[in-house]
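Beneath this line is the structure, given in structure tokens, with notes to follow.
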Amino acid sequence: MPSEKEACSVSIELLPEFGWSINGQPVYGPGSVFQGYVKVKCLENIPLESIRIAFYAVETIPPFDVHFGTLRTAKNTLFSVQLTLWDSKKNDTLNFDQNDGTTRLPFIIQMPMVQFPPSLSHTLYRCDFQLIAMVNTSSAIIKTERSVLCMPYVETHLLKTPMMISVNKSSLSAQLKMSATEFVPSDSISLSLHVGQLGTSKRTEYVTVQLKLIRTVTIKIFDDIPDDEKTVASALHKLLLIPTSSNGSYCDGDFTLQLPADLSPSCDYGNMVNISYRLQVKVEQKGPLGGIWNYTAAFEDIPVTIGTLGYGIRLSDEFNTYSQYKIGDNNRLVDVPVPKFMKTIEYEDALPLYDSVRLPDYDLINAITC
């Protein structure tokens with residue numbers, strides 16, 4: 001005879017969303033509303049006591065060995081809320097489908113107007129938003145978890161005037177031009193380059209242009225955990241040098257660097273961690289003797305912001321960052337607004353329900369006014 005855990009199963013299903021998504025997974029920001037249901041399937045007539053849904057978020061520094069067994073670790077709870085969907089003590093009746101033995105209990109959650117850290121799974125830092133469904137029987141608790149992808153709202157702007165940077169290295173020079181340094185995932189970083197080379201030599205007749213976007217994860221609460229740097233996007237191009245009449249050569253080019261769709265946004269307000277990005281552009285020309293001595297002109301560490309809102313979309317002043325709230329003795333945020341379970345779709349800040357009204361007869365209006 002199967003046990004209660006084997007005879008009864010529970011799952012969480014979210015209703016489809018047609019807005020913000022990353023690789024097909026819906027994304028929720030401050031003030032967002034999402035809906036779903038808890039699905040319970042029982043193969044036998046098992047006496048159930050209650051069915052609950054919980055939603056919590058935690059940020060964690062996993063154990064990090066800084067020196068011969070000396071570990072650094074931390075964990076803060078951002079919020080934790082739950083709702084009882086069904087309780088046998090209230091004499092509610094659960095209607096199971098006779099064909100597949102399932103029942104579905106809906107729920108609606110509205111996120112608070114708070115900028116929490118982005119969902120992230122990293123070796124140095126994790127931020128998890130989790131749904132948990134729990135079925136209580138007389139002798140067991142059957143539960144399941146499902147992660148939810150949450151992101152803050154981060155503005156992006158175009159530069160008022162294009163950014164111009166020049167570098168000179170020996171006889172190799174380069175001028176870079178960019179009209180923006182703030183982007184959203186899946187965007188392309190665009191830039192223009194003018195490269196000049198003075199004098200004649202046995203160098204190659206082309207230059208190589210390398211673009212790199214580097215993400216840096218900085219742990220703020222421990223000074224002895226080193227920053228983690230990772231190249232999240234890169235591209236390599238070649239430009240043919242054009243001879244000039246003044247005993248030199250030059251080339252011009254427009255370049256793009258495609259950004260991944262799943263980039264975490266920049267975060268400079270975290271309690272535990274900061275996430276930042278920088279762009280590196282390197283122009284290289286191979287020298288004589290098979291490239292033993294190369295000539296390089298590099299643009300190092302151009303700050304780049306990865307946002308979540310497109311150009312022209314502004315963030316309301318109603319939003320607060322979670323770091324504005326204190327952390328209590330139990331490693332939980334104090335007095336921070338938390339997600340709400342809504343009983344109906346009449347959630348906060350929603351537009352009123354549409355009520356169709358027939359306009360009065362035009363001929364009747366004319367008769368009254370004449």
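Residues in the structure tokens are numbered from 1 in each chain, the chains being A, B, ... in the order shown, and ligands are numbered from 1 in the order shown.
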As a short mmCIF file (atom, residue, chain, number, x, y, z; two decimals) with N, CA, C and O atoms, in the first residue's frame, please: every residue in segment 137-335 of chain A that a backbone DSSP assignment puts in strand (DSSP E).
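File written: out-v3.cif
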data_model
loop_
_atom_site.label_atom_id
_atom_site.label_comp_id
_atom_site.auth_asym_id
_atom_site.auth_seq_id
_atom_site.Cartn_x
_atom_site.Cartn_y
_atom_site.Cartn_z
N THR A 137 -1.52 16.43 5.81
CA THR A 137 -2.39 15.29 6.11
C THR A 137 -2.27 14.99 7.61
O THR A 137 -1.57 15.69 8.34
N ILE A 141 3.50 16.03 5.75
CA ILE A 141 3.41 17.29 5.01
C ILE A 141 4.01 17.05 3.62
O ILE A 141 5.17 16.69 3.50
N ILE A 142 3.20 17.24 2.63
CA ILE A 142 3.63 17.06 1.24
C ILE A 142 3.80 18.45 0.64
O ILE A 142 2.88 19.27 0.67
N LYS A 143 4.99 18.72 0.12
CA LYS A 143 5.23 20.07 -0.38
C LYS A 143 6.06 20.06 -1.65
O LYS A 143 6.72 19.07 -1.99
N THR A 144 6.00 21.19 -2.34
CA THR A 144 6.79 21.39 -3.55
C THR A 144 7.17 22.86 -3.64
O THR A 144 6.51 23.72 -3.04
N GLU A 145 8.25 23.15 -4.37
CA GLU A 145 8.72 24.53 -4.52
C GLU A 145 8.82 24.88 -6.00
O GLU A 145 9.02 24.02 -6.85
N ARG A 146 8.68 26.17 -6.25
CA ARG A 146 8.85 26.67 -7.62
C ARG A 146 9.48 28.06 -7.54
O ARG A 146 9.01 28.93 -6.80
N SER A 147 10.54 28.27 -8.30
CA SER A 147 11.21 29.56 -8.30
C SER A 147 10.45 30.56 -9.16
O SER A 147 9.81 30.20 -10.15
N LEU A 149 11.00 34.37 -11.08
CA LEU A 149 12.03 35.29 -11.56
C LEU A 149 11.57 36.73 -11.30
O LEU A 149 10.57 37.18 -11.87
N CYS A 150 12.29 37.43 -10.42
CA CYS A 150 11.96 38.81 -10.07
C CYS A 150 13.13 39.72 -10.39
O CYS A 150 14.29 39.36 -10.14
N MET A 163 29.90 60.22 -26.58
CA MET A 163 31.15 60.12 -25.82
C MET A 163 32.30 59.88 -26.78
O MET A 163 32.25 58.97 -27.61
N MET A 164 33.35 60.68 -26.66
CA MET A 164 34.53 60.57 -27.52
C MET A 164 35.74 60.31 -26.63
O MET A 164 36.01 61.06 -25.69
N ILE A 165 36.50 59.25 -26.94
CA ILE A 165 37.71 58.92 -26.19
C ILE A 165 38.82 58.62 -27.20
O ILE A 165 38.59 57.97 -28.23
N SER A 166 40.01 59.08 -26.88
CA SER A 166 41.16 58.84 -27.75
C SER A 166 42.28 58.20 -26.95
O SER A 166 42.48 58.52 -25.77
N VAL A 167 43.03 57.32 -27.60
CA VAL A 167 44.22 56.72 -27.00
C VAL A 167 45.32 56.69 -28.05
O VAL A 167 45.06 56.57 -29.25
N ASN A 168 46.55 56.82 -27.59
CA ASN A 168 47.72 56.76 -28.48
C ASN A 168 48.74 55.82 -27.86
O ASN A 168 49.09 55.95 -26.68
N LYS A 169 49.23 54.91 -28.64
CA LYS A 169 50.24 53.97 -28.20
C LYS A 169 51.29 53.85 -29.28
O LYS A 169 51.02 53.29 -30.35
N LEU A 172 50.49 53.94 -33.04
CA LEU A 172 49.11 53.50 -33.26
C LEU A 172 48.18 54.35 -32.41
O LEU A 172 48.38 54.49 -31.20
N SER A 173 47.15 54.92 -33.04
CA SER A 173 46.18 55.75 -32.32
C SER A 173 44.77 55.28 -32.66
O SER A 173 44.53 54.68 -33.71
N ALA A 174 43.85 55.58 -31.74
CA ALA A 174 42.46 55.18 -31.96
C ALA A 174 41.54 56.18 -31.29
O ALA A 174 41.83 56.71 -30.21
N GLN A 175 40.42 56.48 -31.96
CA GLN A 175 39.38 57.34 -31.42
C GLN A 175 38.06 56.55 -31.39
O GLN A 175 37.67 55.95 -32.40
N LEU A 176 37.41 56.55 -30.23
CA LEU A 176 36.17 55.79 -30.04
C LEU A 176 35.01 56.76 -29.85
O LEU A 176 35.15 57.78 -29.18
N LYS A 177 33.85 56.40 -30.39
CA LYS A 177 32.65 57.22 -30.26
C LYS A 177 31.47 56.32 -29.90
O LYS A 177 31.22 55.31 -30.56
N MET A 178 30.74 56.70 -28.83
CA MET A 178 29.56 55.96 -28.41
C MET A 178 28.44 56.96 -28.10
O MET A 178 28.68 58.02 -27.51
N GLU A 182 24.25 52.82 -21.62
CA GLU A 182 23.24 52.13 -20.83
C GLU A 182 22.35 51.33 -21.77
O GLU A 182 21.85 51.87 -22.76
N PHE A 183 22.14 50.06 -21.42
CA PHE A 183 21.45 49.14 -22.32
C PHE A 183 20.59 48.18 -21.51
O PHE A 183 20.71 48.08 -20.29
N SER A 188 22.19 45.63 -28.40
CA SER A 188 23.54 45.61 -28.95
C SER A 188 24.26 46.89 -28.56
O SER A 188 23.71 47.98 -28.69
N ILE A 189 25.48 46.75 -28.07
CA ILE A 189 26.33 47.91 -27.80
C ILE A 189 26.94 48.36 -29.13
O ILE A 189 27.60 47.57 -29.81
N SER A 190 26.70 49.60 -29.51
CA SER A 190 27.20 50.12 -30.78
C SER A 190 28.28 51.15 -30.52
O SER A 190 28.16 51.98 -29.60
N LEU A 191 29.32 51.12 -31.35
CA LEU A 191 30.40 52.10 -31.25
C LEU A 191 31.08 52.25 -32.60
O LEU A 191 31.00 51.38 -33.46
N SER A 192 31.76 53.39 -32.75
CA SER A 192 32.53 53.67 -33.97
C SER A 192 33.99 53.87 -33.60
O SER A 192 34.31 54.41 -32.54
N LEU A 193 34.87 53.42 -34.49
CA LEU A 193 36.31 53.53 -34.25
C LEU A 193 36.99 54.14 -35.48
O LEU A 193 36.66 53.82 -36.62
N HIS A 194 37.93 55.02 -35.19
CA HIS A 194 38.86 55.49 -36.22
C HIS A 194 40.26 55.13 -35.74
O HIS A 194 40.67 55.49 -34.63
N VAL A 195 40.98 54.38 -36.56
CA VAL A 195 42.32 53.91 -36.19
C VAL A 195 43.32 54.52 -37.17
O VAL A 195 43.10 54.50 -38.39
N GLY A 196 44.40 55.08 -36.63
CA GLY A 196 45.46 55.64 -37.46
C GLY A 196 46.80 55.03 -37.11
O GLY A 196 47.08 54.72 -35.94
N GLN A 197 47.62 54.84 -38.15
CA GLN A 197 48.96 54.27 -37.94
C GLN A 197 49.97 55.12 -38.69
O GLN A 197 49.82 55.37 -39.90
N LEU A 198 50.97 55.59 -37.97
CA LEU A 198 51.98 56.47 -38.56
C LEU A 198 53.21 55.68 -38.96
O LEU A 198 53.63 54.77 -38.26
N TYR A 206 46.47 45.05 -41.38
CA TYR A 206 45.13 45.12 -40.77
C TYR A 206 45.31 45.22 -39.25
O TYR A 206 46.39 44.95 -38.70
N VAL A 207 44.22 45.62 -38.58
CA VAL A 207 44.19 45.65 -37.12
C VAL A 207 43.06 44.75 -36.65
O VAL A 207 42.06 44.55 -37.35
N THR A 208 43.23 44.22 -35.46
CA THR A 208 42.20 43.40 -34.82
C THR A 208 41.54 44.21 -33.71
O THR A 208 42.23 44.81 -32.88
N VAL A 209 40.22 44.23 -33.70
CA VAL A 209 39.45 44.96 -32.69
C VAL A 209 38.71 43.94 -31.83
O VAL A 209 37.92 43.14 -32.33
N GLN A 210 38.99 43.96 -30.54
CA GLN A 210 38.35 43.04 -29.60
C GLN A 210 37.45 43.83 -28.64
O GLN A 210 37.89 44.80 -28.02
N LEU A 211 36.19 43.39 -28.53
CA LEU A 211 35.23 44.00 -27.62
C LEU A 211 34.89 43.00 -26.52
O LEU A 211 34.64 41.83 -26.79
N LYS A 212 34.87 43.48 -25.27
CA LYS A 212 34.52 42.62 -24.13
C LYS A 212 33.63 43.39 -23.16
O LYS A 212 33.92 44.55 -22.83
N LEU A 213 32.56 42.74 -22.72
CA LEU A 213 31.76 43.27 -21.62
C LEU A 213 32.00 42.38 -20.41
O LEU A 213 31.78 41.17 -20.46
N ILE A 214 32.47 42.99 -19.32
CA ILE A 214 32.87 42.25 -18.13
C ILE A 214 31.92 42.59 -16.98
O ILE A 214 31.67 43.77 -16.71
N ARG A 215 31.39 41.55 -16.35
CA ARG A 215 30.54 41.73 -15.17
C ARG A 215 31.38 41.52 -13.91
O ARG A 215 32.16 40.57 -13.83
N THR A 216 31.19 42.39 -12.93
CA THR A 216 31.88 42.28 -11.65
C THR A 216 30.87 42.13 -10.53
O THR A 216 29.96 42.96 -10.40
N VAL A 217 31.02 41.08 -9.74
CA VAL A 217 30.19 40.86 -8.55
C VAL A 217 31.06 41.16 -7.34
O VAL A 217 32.08 40.50 -7.12
N THR A 218 30.66 42.17 -6.58
CA THR A 218 31.43 42.63 -5.42
C THR A 218 30.66 42.34 -4.15
O THR A 218 29.53 42.81 -3.98
N ILE A 219 31.25 41.57 -3.25
CA ILE A 219 30.65 41.29 -1.94
C ILE A 219 30.94 42.48 -1.03
O ILE A 219 32.09 42.83 -0.80
N ASP A 228 34.42 38.84 -8.15
CA ASP A 228 34.35 37.84 -9.23
C ASP A 228 34.09 38.58 -10.54
O ASP A 228 33.10 39.33 -10.66
N GLU A 229 34.97 38.37 -11.51
CA GLU A 229 34.83 39.01 -12.81
C GLU A 229 34.63 37.95 -13.88
O GLU A 229 35.30 36.91 -13.88
N LYS A 230 33.71 38.25 -14.79
CA LYS A 230 33.39 37.30 -15.86
C LYS A 230 33.07 38.06 -17.14
O LYS A 230 32.34 39.06 -17.12
N THR A 231 33.64 37.60 -18.26
CA THR A 231 33.31 38.16 -19.56
C THR A 231 31.97 37.58 -20.01
O THR A 231 31.86 36.38 -20.24
N VAL A 232 30.95 38.43 -20.11
CA VAL A 232 29.60 37.95 -20.44
C VAL A 232 29.26 38.14 -21.91
O VAL A 232 28.27 37.58 -22.39
N ALA A 233 30.07 38.93 -22.63
CA ALA A 233 29.85 39.09 -24.07
C ALA A 233 31.17 39.54 -24.69
O ALA A 233 31.93 40.32 -24.09
N SER A 234 31.46 39.03 -25.88
CA SER A 234 32.71 39.40 -26.56
C SER A 234 32.53 39.28 -28.06
O SER A 234 31.65 38.55 -28.55
N ALA A 235 33.38 40.00 -28.79
CA ALA A 235 33.36 39.94 -30.26
C ALA A 235 34.75 40.31 -30.75
O ALA A 235 35.50 41.06 -30.11
N LEU A 236 35.11 39.78 -31.93
CA LEU A 236 36.42 40.01 -32.53
C LEU A 236 36.22 40.40 -33.99
O LEU A 236 35.49 39.72 -34.72
N HIS A 237 36.85 41.51 -34.39
CA HIS A 237 36.71 42.00 -35.76
C HIS A 237 38.09 42.33 -36.31
O HIS A 237 39.03 42.59 -35.56
N LYS A 238 38.18 42.36 -37.66
CA LYS A 238 39.41 42.78 -38.34
C LYS A 238 39.09 43.92 -39.29
O LYS A 238 38.06 43.92 -39.97
N LEU A 239 39.99 44.92 -39.31
CA LEU A 239 39.84 46.06 -40.19
C LEU A 239 41.09 46.19 -41.06
O LEU A 239 42.21 46.14 -40.57
N LEU A 240 40.86 46.37 -42.35
CA LEU A 240 41.96 46.55 -43.30
C LEU A 240 42.43 47.99 -43.28
O LEU A 240 41.63 48.92 -43.35
N ILE A 242 44.09 51.37 -44.68
CA ILE A 242 44.13 52.04 -45.99
C ILE A 242 45.33 53.00 -46.00
O ILE A 242 45.41 53.89 -45.13
N PRO A 243 46.26 52.85 -46.95
CA PRO A 243 47.43 53.75 -46.99
C PRO A 243 47.01 55.19 -47.26
O PRO A 243 46.02 55.47 -47.95
N GLY A 248 51.46 56.91 -43.93
CA GLY A 248 50.75 56.24 -42.85
C GLY A 248 49.57 55.45 -43.39
O GLY A 248 49.46 55.21 -44.60
N SER A 249 48.66 55.05 -42.50
CA SER A 249 47.47 54.32 -42.92
C SER A 249 46.39 54.55 -41.86
O SER A 249 46.66 54.98 -40.74
N TYR A 250 45.16 54.24 -42.22
CA TYR A 250 44.04 54.43 -41.31
C TYR A 250 42.93 53.44 -41.66
O TYR A 250 42.93 52.79 -42.72
N CYS A 251 41.95 53.35 -40.77
CA CYS A 251 40.73 52.58 -41.05
C CYS A 251 39.61 53.08 -40.14
O CYS A 251 39.87 53.60 -39.05
N ASP A 252 38.40 52.96 -40.60
CA ASP A 252 37.20 53.33 -39.84
C ASP A 252 36.27 52.13 -39.81
O ASP A 252 36.18 51.36 -40.77
N GLY A 253 35.53 52.01 -38.70
CA GLY A 253 34.60 50.89 -38.59
C GLY A 253 33.52 51.14 -37.55
O GLY A 253 33.73 51.85 -36.57
N ASP A 254 32.36 50.57 -37.81
CA ASP A 254 31.25 50.57 -36.85
C ASP A 254 31.09 49.14 -36.33
O ASP A 254 31.05 48.18 -37.11
N PHE A 255 30.97 49.01 -35.02
CA PHE A 255 30.95 47.69 -34.40
C PHE A 255 29.76 47.56 -33.45
O PHE A 255 29.27 48.55 -32.89
N THR A 256 29.32 46.32 -33.28
CA THR A 256 28.26 46.03 -32.32
C THR A 256 28.67 44.82 -31.48
O THR A 256 29.40 43.93 -31.95
N LEU A 257 28.18 44.84 -30.26
CA LEU A 257 28.40 43.72 -29.34
C LEU A 257 27.03 43.27 -28.83
O LEU A 257 26.37 44.02 -28.11
N GLN A 258 26.62 42.10 -29.22
CA GLN A 258 25.30 41.59 -28.84
C GLN A 258 25.30 41.15 -27.37
O GLN A 258 26.18 40.40 -26.93
N VAL A 273 25.65 42.70 -1.91
CA VAL A 273 26.42 42.59 -3.14
C VAL A 273 26.11 43.76 -4.07
O VAL A 273 25.01 44.34 -4.02
N ASN A 274 27.07 44.13 -4.89
CA ASN A 274 26.88 45.06 -6.00
C ASN A 274 27.21 44.33 -7.30
O ASN A 274 28.14 43.50 -7.33
N ILE A 275 26.48 44.67 -8.36
CA ILE A 275 26.71 44.09 -9.68
C ILE A 275 26.99 45.24 -10.64
O ILE A 275 26.17 46.16 -10.76
N SER A 276 28.13 45.21 -11.28
CA SER A 276 28.50 46.29 -12.19
C SER A 276 29.08 45.71 -13.48
O SER A 276 29.48 44.53 -13.54
N TYR A 277 29.14 46.56 -14.51
CA TYR A 277 29.65 46.14 -15.82
C TYR A 277 30.62 47.20 -16.35
O TYR A 277 30.51 48.39 -16.04
N ARG A 278 31.56 46.73 -17.17
CA ARG A 278 32.47 47.65 -17.85
C ARG A 278 32.82 47.08 -19.22
O ARG A 278 32.86 45.86 -19.42
N LEU A 279 33.05 47.98 -20.15
CA LEU A 279 33.37 47.61 -21.53
C LEU A 279 34.86 47.83 -21.78
O LEU A 279 35.42 48.85 -21.38
N GLN A 280 35.48 46.86 -22.43
CA GLN A 280 36.88 46.98 -22.83
C GLN A 280 36.97 46.87 -24.35
O GLN A 280 36.36 45.96 -24.94
N VAL A 281 37.70 47.79 -24.96
CA VAL A 281 37.91 47.80 -26.41
C VAL A 281 39.42 47.83 -26.64
O VAL A 281 40.11 48.75 -26.17
N LYS A 282 39.91 46.85 -27.37
CA LYS A 282 41.36 46.77 -27.63
C LYS A 282 41.61 46.69 -29.13
O LYS A 282 41.03 45.84 -29.83
N VAL A 283 42.47 47.59 -29.61
CA VAL A 283 42.89 47.60 -31.01
C VAL A 283 44.32 47.11 -31.06
O VAL A 283 45.21 47.66 -30.38
N GLU A 284 44.58 46.08 -31.86
CA GLU A 284 45.91 45.46 -31.88
C GLU A 284 46.37 45.26 -33.32
O GLU A 284 45.59 44.85 -34.18
N GLN A 285 47.65 45.54 -33.53
CA GLN A 285 48.29 45.31 -34.82
C GLN A 285 49.54 44.48 -34.60
O GLN A 285 50.37 44.83 -33.75
N LYS A 286 49.66 43.41 -35.33
CA LYS A 286 50.82 42.55 -35.18
C LYS A 286 52.05 43.22 -35.78
O LYS A 286 52.00 43.81 -36.86
N ASN A 294 53.77 43.25 -30.69
CA ASN A 294 52.52 43.79 -31.20
C ASN A 294 52.33 45.22 -30.70
O ASN A 294 52.88 45.63 -29.68
N TYR A 295 51.52 45.97 -31.44
CA TYR A 295 51.18 47.34 -31.10
C TYR A 295 49.71 47.36 -30.66
O TYR A 295 48.84 46.87 -31.38
N THR A 296 49.45 47.94 -29.50
CA THR A 296 48.10 47.88 -28.92
C THR A 296 47.66 49.26 -28.44
O THR A 296 48.43 49.98 -27.80
N ALA A 297 46.43 49.60 -28.77
CA ALA A 297 45.76 50.80 -28.23
C ALA A 297 44.47 50.31 -27.57
O ALA A 297 43.61 49.73 -28.24
N ALA A 298 44.34 50.50 -26.26
CA ALA A 298 43.22 49.90 -25.51
C ALA A 298 42.41 50.96 -24.79
O ALA A 298 42.95 51.92 -24.22
N PHE A 299 41.10 50.80 -24.83
CA PHE A 299 40.17 51.59 -24.03
C PHE A 299 39.73 50.70 -22.86
O PHE A 299 38.97 49.75 -23.03
N GLU A 300 40.24 51.00 -21.70
CA GLU A 300 39.99 50.14 -20.53
C GLU A 300 38.84 50.67 -19.68
O GLU A 300 38.73 51.87 -19.41
N ASP A 301 37.99 49.76 -19.26
CA ASP A 301 37.01 50.00 -18.20
C ASP A 301 36.09 51.19 -18.48
O ASP A 301 36.03 52.16 -17.71
N ILE A 302 35.34 51.11 -19.58
CA ILE A 302 34.28 52.08 -19.84
C ILE A 302 33.04 51.62 -19.07
O ILE A 302 32.51 50.54 -19.34
N PRO A 303 32.56 52.39 -18.08
CA PRO A 303 31.41 51.93 -17.29
C PRO A 303 30.16 51.76 -18.16
O PRO A 303 29.84 52.61 -18.99
N VAL A 304 29.47 50.66 -17.94
CA VAL A 304 28.24 50.34 -18.68
C VAL A 304 27.17 49.96 -17.66
O VAL A 304 27.45 49.24 -16.70
N THR A 305 25.96 50.45 -17.89
CA THR A 305 24.82 50.09 -17.04
C THR A 305 23.90 49.15 -17.81
O THR A 305 23.54 49.43 -18.96
N ILE A 306 23.56 48.04 -17.19
CA ILE A 306 22.56 47.12 -17.74
C ILE A 306 21.26 47.37 -16.99
O ILE A 306 21.17 47.14 -15.78
N ASN A 320 10.85 52.29 -3.55
CA ASN A 320 11.95 52.36 -2.59
C ASN A 320 12.86 51.15 -2.77
O ASN A 320 12.39 50.06 -3.14
N THR A 321 14.15 51.33 -2.49
CA THR A 321 15.05 50.18 -2.50
C THR A 321 14.97 49.47 -1.15
O THR A 321 14.76 50.10 -0.11
#
Go through segment 227-326 of chain A and collect every residue that DSSP, computed from the backbone, puts in alpha helix (DSSP H); the answer should be as a PDB file with C-alpha atoms, in the first residue's frame.
ATOM      1  CA  PRO A 288      57.286  42.147 -37.485  1.00  0.00           C
ATOM      2  CA  LEU A 289      58.847  38.711 -36.929  1.00  0.00           C
ATOM      3  CA  GLY A 290      55.531  36.895 -36.874  1.00  0.00           C
ATOM      4  CA  GLY A 291      53.888  39.168 -34.342  1.00  0.00           C
TER       5      GLY A 291
END
Closest of A:Arg332, A:Leu263, A:Asn247, A:Asp128 to Ser171 of chain A - atom-to-atom distances counting only C-alpha atoms
A:Asn247
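Residues surrounding Asn99 of chain A within 12 Å are A:Lys41, A:Cys42, A:Leu43, A:Asn95, A:Phe96, A:Asp97, A:Gly101, A:Thr102, A:Thr103 [only C-alpha atoms; sequence separation below 2 positions excluded].
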Restricting the calculation to only C-alpha atoms: of A:Trp86, A:Phe64, A:Leu94, A:Ala140, which residue gets closest to Thr123 of chain A?
A:Phe64
What is the distance between atom CA of Pro16 of chain A and atom CA of Gln130 of chain A, in Å to one decimal?
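Computed distance, atom CA of Pro16 of chain A to atom CA of Gln130 of chain A, equals 17.7 Å.
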What is the distance, in Å and to one decimal place, between atom CA of Glu205 of chain A and atom CA of Gly287 of chain A?
10.0 Å
Near-Ile46 of chain A list (9 Å; only C-alpha atoms; drop same-chain fewer than 5 positions) as a list of chain:residue names
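Once the adjacent positions are removed, what remains is A:Glu4, A:Ala7, A:Cys8, A:Thr137, A:Ser138.
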Would you output that residue set with C-alpha atoms, as an mmCIF file, in the first residue's frame?
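This is the output file out_10.cif:
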data_model
loop_
_atom_site.group_PDB
_atom_site.id
_atom_site.type_symbol
_atom_site.label_atom_id
_atom_site.label_comp_id
_atom_site.auth_asym_id
_atom_site.auth_seq_id
_atom_site.Cartn_x
_atom_site.Cartn_y
_atom_site.Cartn_z
ATOM 1 C CA GLU A 4 0.442 9.250 1.799
ATOM 2 C CA ALA A 7 -0.506 8.582 -3.079
ATOM 3 C CA CYS A 8 -0.790 12.379 -2.984
ATOM 4 C CA THR A 137 -2.391 15.290 6.115
ATOM 5 C CA SER A 138 -2.892 13.596 9.455
#
Please list as a PyMOL selection string every residue within 12 Å of Gly19 of chain A, counting only C-alpha atoms and excluding residues in the same chain fewer than 2 positions away.
chain A and resi 16-17+21-22+24-29+32-34
Test item: residues at most 6 Å from Gly307 of chain A, only C-alpha atoms, excluding those fewer than 5 positions along its chain, as a list in words:
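Everything that qualifies: Val154, Glu155, Thr156, Phe183, Val184 and Pro265 of chain A.
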Same residues, all heavy atoms, saved as a PDB file, in the first residue's frame:
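Here's the written file result-v2.pdb:
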ATOM      1  N   VAL A 154      15.309  49.246 -13.589  1.00  0.00           N
ATOM      2  CA  VAL A 154      16.535  50.048 -13.713  1.00  0.00           C
ATOM      3  C   VAL A 154      16.427  50.860 -14.996  1.00  0.00           C
ATOM      4  O   VAL A 154      16.287  50.300 -16.088  1.00  0.00           O
ATOM      5  CB  VAL A 154      17.795  49.156 -13.745  1.00  0.00           C
ATOM      6  CG1 VAL A 154      19.058  50.011 -13.860  1.00  0.00           C
ATOM      7  CG2 VAL A 154      17.857  48.256 -12.514  1.00  0.00           C
ATOM      8  N   GLU A 155      16.462  52.184 -14.861  1.00  0.00           N
ATOM      9  CA  GLU A 155      16.315  53.070 -16.019  1.00  0.00           C
ATOM     10  C   GLU A 155      17.558  53.034 -16.913  1.00  0.00           C
ATOM     11  O   GLU A 155      18.667  52.729 -16.463  1.00  0.00           O
ATOM     12  CB  GLU A 155      16.084  54.514 -15.552  1.00  0.00           C
ATOM     13  CG  GLU A 155      14.778  54.747 -14.821  1.00  0.00           C
ATOM     14  CD  GLU A 155      14.610  56.201 -14.424  1.00  0.00           C
ATOM     15  OE1 GLU A 155      15.545  57.005 -14.682  1.00  0.00           O
ATOM     16  OE2 GLU A 155      13.550  56.542 -13.857  1.00  0.00           O
ATOM     17  N   THR A 156      17.340  53.351 -18.184  1.00  0.00           N
ATOM     18  CA  THR A 156      18.448  53.545 -19.131  1.00  0.00           C
ATOM     19  C   THR A 156      18.238  54.876 -19.858  1.00  0.00           C
ATOM     20  O   THR A 156      17.101  55.304 -20.073  1.00  0.00           O
ATOM     21  CB  THR A 156      18.541  52.409 -20.156  1.00  0.00           C
ATOM     22  OG1 THR A 156      17.298  52.301 -20.880  1.00  0.00           O
ATOM     23  CG2 THR A 156      18.831  51.078 -19.468  1.00  0.00           C
ATOM     24  N   PHE A 183      22.142  50.060 -21.418  1.00  0.00           N
ATOM     25  CA  PHE A 183      21.449  49.144 -22.315  1.00  0.00           C
ATOM     26  C   PHE A 183      20.586  48.181 -21.511  1.00  0.00           C
ATOM     27  O   PHE A 183      20.714  48.082 -20.287  1.00  0.00           O
ATOM     28  CB  PHE A 183      22.470  48.348 -23.160  1.00  0.00           C
ATOM     29  CG  PHE A 183      23.507  49.196 -23.837  1.00  0.00           C
ATOM     30  CD1 PHE A 183      24.712  49.474 -23.197  1.00  0.00           C
ATOM     31  CD2 PHE A 183      23.287  49.724 -25.088  1.00  0.00           C
ATOM     32  CE1 PHE A 183      25.673  50.263 -23.804  1.00  0.00           C
ATOM     33  CE2 PHE A 183      24.245  50.512 -25.706  1.00  0.00           C
ATOM     34  CZ  PHE A 183      25.446  50.783 -25.065  1.00  0.00           C
ATOM     35  N   VAL A 184      19.707  47.478 -22.215  1.00  0.00           N
ATOM     36  CA  VAL A 184      18.929  46.406 -21.604  1.00  0.00           C
ATOM     37  C   VAL A 184      19.379  45.086 -22.229  1.00  0.00           C
ATOM     38  O   VAL A 184      19.964  45.070 -23.321  1.00  0.00           O
ATOM     39  CB  VAL A 184      17.412  46.609 -21.817  1.00  0.00           C
ATOM     40  CG1 VAL A 184      16.946  47.890 -21.147  1.00  0.00           C
ATOM     41  CG2 VAL A 184      17.053  46.620 -23.301  1.00  0.00           C
ATOM     42  N   PRO A 265      20.618  42.714 -14.192  1.00  0.00           N
ATOM     43  CA  PRO A 265      20.766  44.163 -14.259  1.00  0.00           C
ATOM     44  C   PRO A 265      21.823  44.661 -13.287  1.00  0.00           C
ATOM     45  O   PRO A 265      22.165  44.003 -12.299  1.00  0.00           O
ATOM     46  CB  PRO A 265      19.373  44.676 -13.874  1.00  0.00           C
ATOM     47  CG  PRO A 265      18.772  43.580 -13.059  1.00  0.00           C
ATOM     48  CD  PRO A 265      19.314  42.306 -13.630  1.00  0.00           C
TER      49      PRO A 265
END
Surrounding residues of Gln115 of chain A excluding itself and chain neighbours under 2 positions, 9 Å, only C-alpha atoms, as a list in words:
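Close residues of Gln115 of chain A: Gly29, Pro30, Pro112, Met113, Pro117, Pro118, Met151, Pro152, Tyr153, Phe319, Asn320, Thr321, Tyr322 and Ser323 of chain A.
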Expressed in Å to a single decimal, how great is the separation between atom CA of Gln82 of chain A and atom CA of Ile53 of chain A?
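That distance, rounded to one decimal, is 5.6 Å.
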